[in-house]
Structures are given as C-alpha cells and as structure tokens.
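Scroll down for the structure; my scribbles are underneath it.
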Amino acid sequence: MENKSIREIISVVFKAVTLAMGVAVMVLSCMGSLEVQTAVTLLGIGLACAGTAMLAKQ
C-alpha cells in the first residue's frame, strides 16, 4: 500500500517537472533571455520526465 502512494507521488512530481520546464522555456523566451542550447536542455529534461511518468504508469 505504501509503495503505491510513493509511486503516485513520483509520477506527479515528474509531471510537474514536465510542466514547469515547458513554462520556464516559454517565459524565458518571451523575456528574451534564453539561448537555444539552454532551451533544448530544459525541454529535454521535461521530455525525459514525461517519458518516465508514462512508463511508471504501466
């Protein structure tokens, strides 16, 4: 029972990181203070978290 709740928390954290990385790239891009390499890195982190959350769901 306890393991299931930990898995749910981890899934929510990965989904939150995915959303946060997307929002961070958008905001920093609008502010004009974002380099392409940094944007790709942030979006890569978000994509990795999204993939992990989807794999953990199964």
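By order of appearance in the structure tokens: chains A, B, ..., then residues from 1 within every chain, and ligands from 1 in the order shown.
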Worksheet item: Any idea what's packed within 10 Å of Gly51 of chain A, counting only C-alpha atoms, ignoring anything in its chain fewer than 6 positions away? Could you give it as a VMD selection string?
Response: chain A and resid 14 to 15 18 45 57
Discussion item. Env of segment 20-28 of chain A: 12 Å cut, atoms = only C-alpha atoms, seq-sep filter 6 positions within chain, self excluded. Answer as a list in words.
Written reply: Val13, Phe14, Leu34, Glu35, Val36, Gln37, Thr38, Ala39, Val40, Thr41, Leu42, Leu43, Gly44, Ile45, Gly46, Leu47, Ala48, Cys49 and Ala50 of chain A
Worksheet item: What is the distance, in Å and to one decimal place, between atom CA of Ala53 of chain A and atom CA of Ser29 of chain A?
Response: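 Those two atoms sit 25.9 Å apart.
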